[in-house]
Amino acid sequence: MKTRFLGGALAALLIAVPTAFAQSPRGSAEATVGGATVSIEYGRPSLNGRDMLGQANDGMVWRLGADASTTLTTSGDLDFAGTKIAAGSYSLFAKKMGDGWTLLVNSQTGQWGTEHDASMDIAEIPLMVHPGEAREQFTVVLHGQGNDGMLHFEWGETVLMAMFKAD
């Protein structure tokens, strides 16, 4: 009887511990593009007076959110300017490249956001960098119109953006 109780208590603890360390609220974005449902689930850290994107060094991989990895799920195939992403679920990261950023699409999901395994990257997509309105909390925006989609990562006064199509 004690063994069963301890096993249950240990299982409950293992489930509760990652949640206890999560500091940022979770957010989600969803759009329909060409009949496909595209959604992103992510952590929403706040700047708290910092310039996080400005601190990124060339070649640095950034986790695109906070806590658990940011996850893209699509029910249909997508095309990011010739880079094909098959229907499924993926973790998203960004990599600082000179004055720009690249979106890394990674086949591993469910990991903590800082656990990026580059060997699992399936695509690198250039992101357009635009000035935006001041955004204290990291925000992901998805828009769909017909077969065209637009993905924004907004934080501080910066918008990282990618256009895509339903394939």
# chains A, B, ... in the order shown; residues from 1 in each chain; ligands from 1
call {"tool": "residues_around", "arguments": {"residues": "segment 69-74 of chain A", "least_positions_apart": "3", "cutoff": "9 Å", "atoms": "only C-alpha atoms", "output": "number ranges by chain"}}
result
A: 36-43, 63-66, 77-78, 85-93, 105, 109-116
call {"tool": "residues_around", "arguments": {"residues": "segment 134-151 of chain A", "least_positions_apart": "6", "cutoff": "10 Å", "atoms": "only C-alpha atoms", "output": "VMD selection string"}}
result
chain A and resid 24 to 25 27 to 50 64 to 66 78 to 80 127 157 to 167
call {"tool": "select_by_dssp", "arguments": {"residues": "chain A", "states": "alpha helix (DSSP H)", "output": "list in words"}}
result
Lys2, Thr3, Arg4, Phe5, Leu6, Gly7, Gly8, Ala9, Leu10, Ala11, Ala12, Leu13, Leu14, Ile15, Ala16, Val17, Pro18, Thr19, Ala20 and Phe21 of chain A
call {"tool": "select_by_dssp", "arguments": {"residues": "segment 14-77 of chain A", "states": "strand (DSSP E or B)", "output": "count of residues only"}}
result
25
call {"tool": "atom_distance", "arguments": {"atom1": "atom CA of Asn106 of chain A", "atom2": "atom CA of Gly82 of chain A"}}
result
17.2 Å
call {"tool": "residues_around", "arguments": {"residues": "Asp117 of chain A", "least_positions_apart": "3", "cutoff": "9 Å", "atoms": "only C-alpha atoms", "output": "list in words"}}
result
Asn106, Gln108, Met120 and Asp121 of chain A
call {"tool": "closest_residue", "arguments": {"among": "A:Glu124, A:Asp51, A:Asp67, A:Asp58", "to": "Gly98 of chain A", "atoms": "only C-alpha atoms"}}
result
A:Asp58
call {"tool": "atom_distance", "arguments": {"atom1": "atom CA of Val61 of chain A", "atom2": "atom CA of Glu154 of chain A"}}
result
16.7 Å
call {"tool": "atom_distance", "arguments": {"atom1": "atom CA of Lys84 of chain A", "atom2": "atom CA of Met60 of chain A"}}
result
24.0 Å
call {"tool": "closest_residue", "arguments": {"among": "A:Gly59, A:Gly156, A:Ala81, A:Gly76", "to": "Glu133 of chain A", "atoms": "only C-alpha atoms"}}
result
A:Gly156
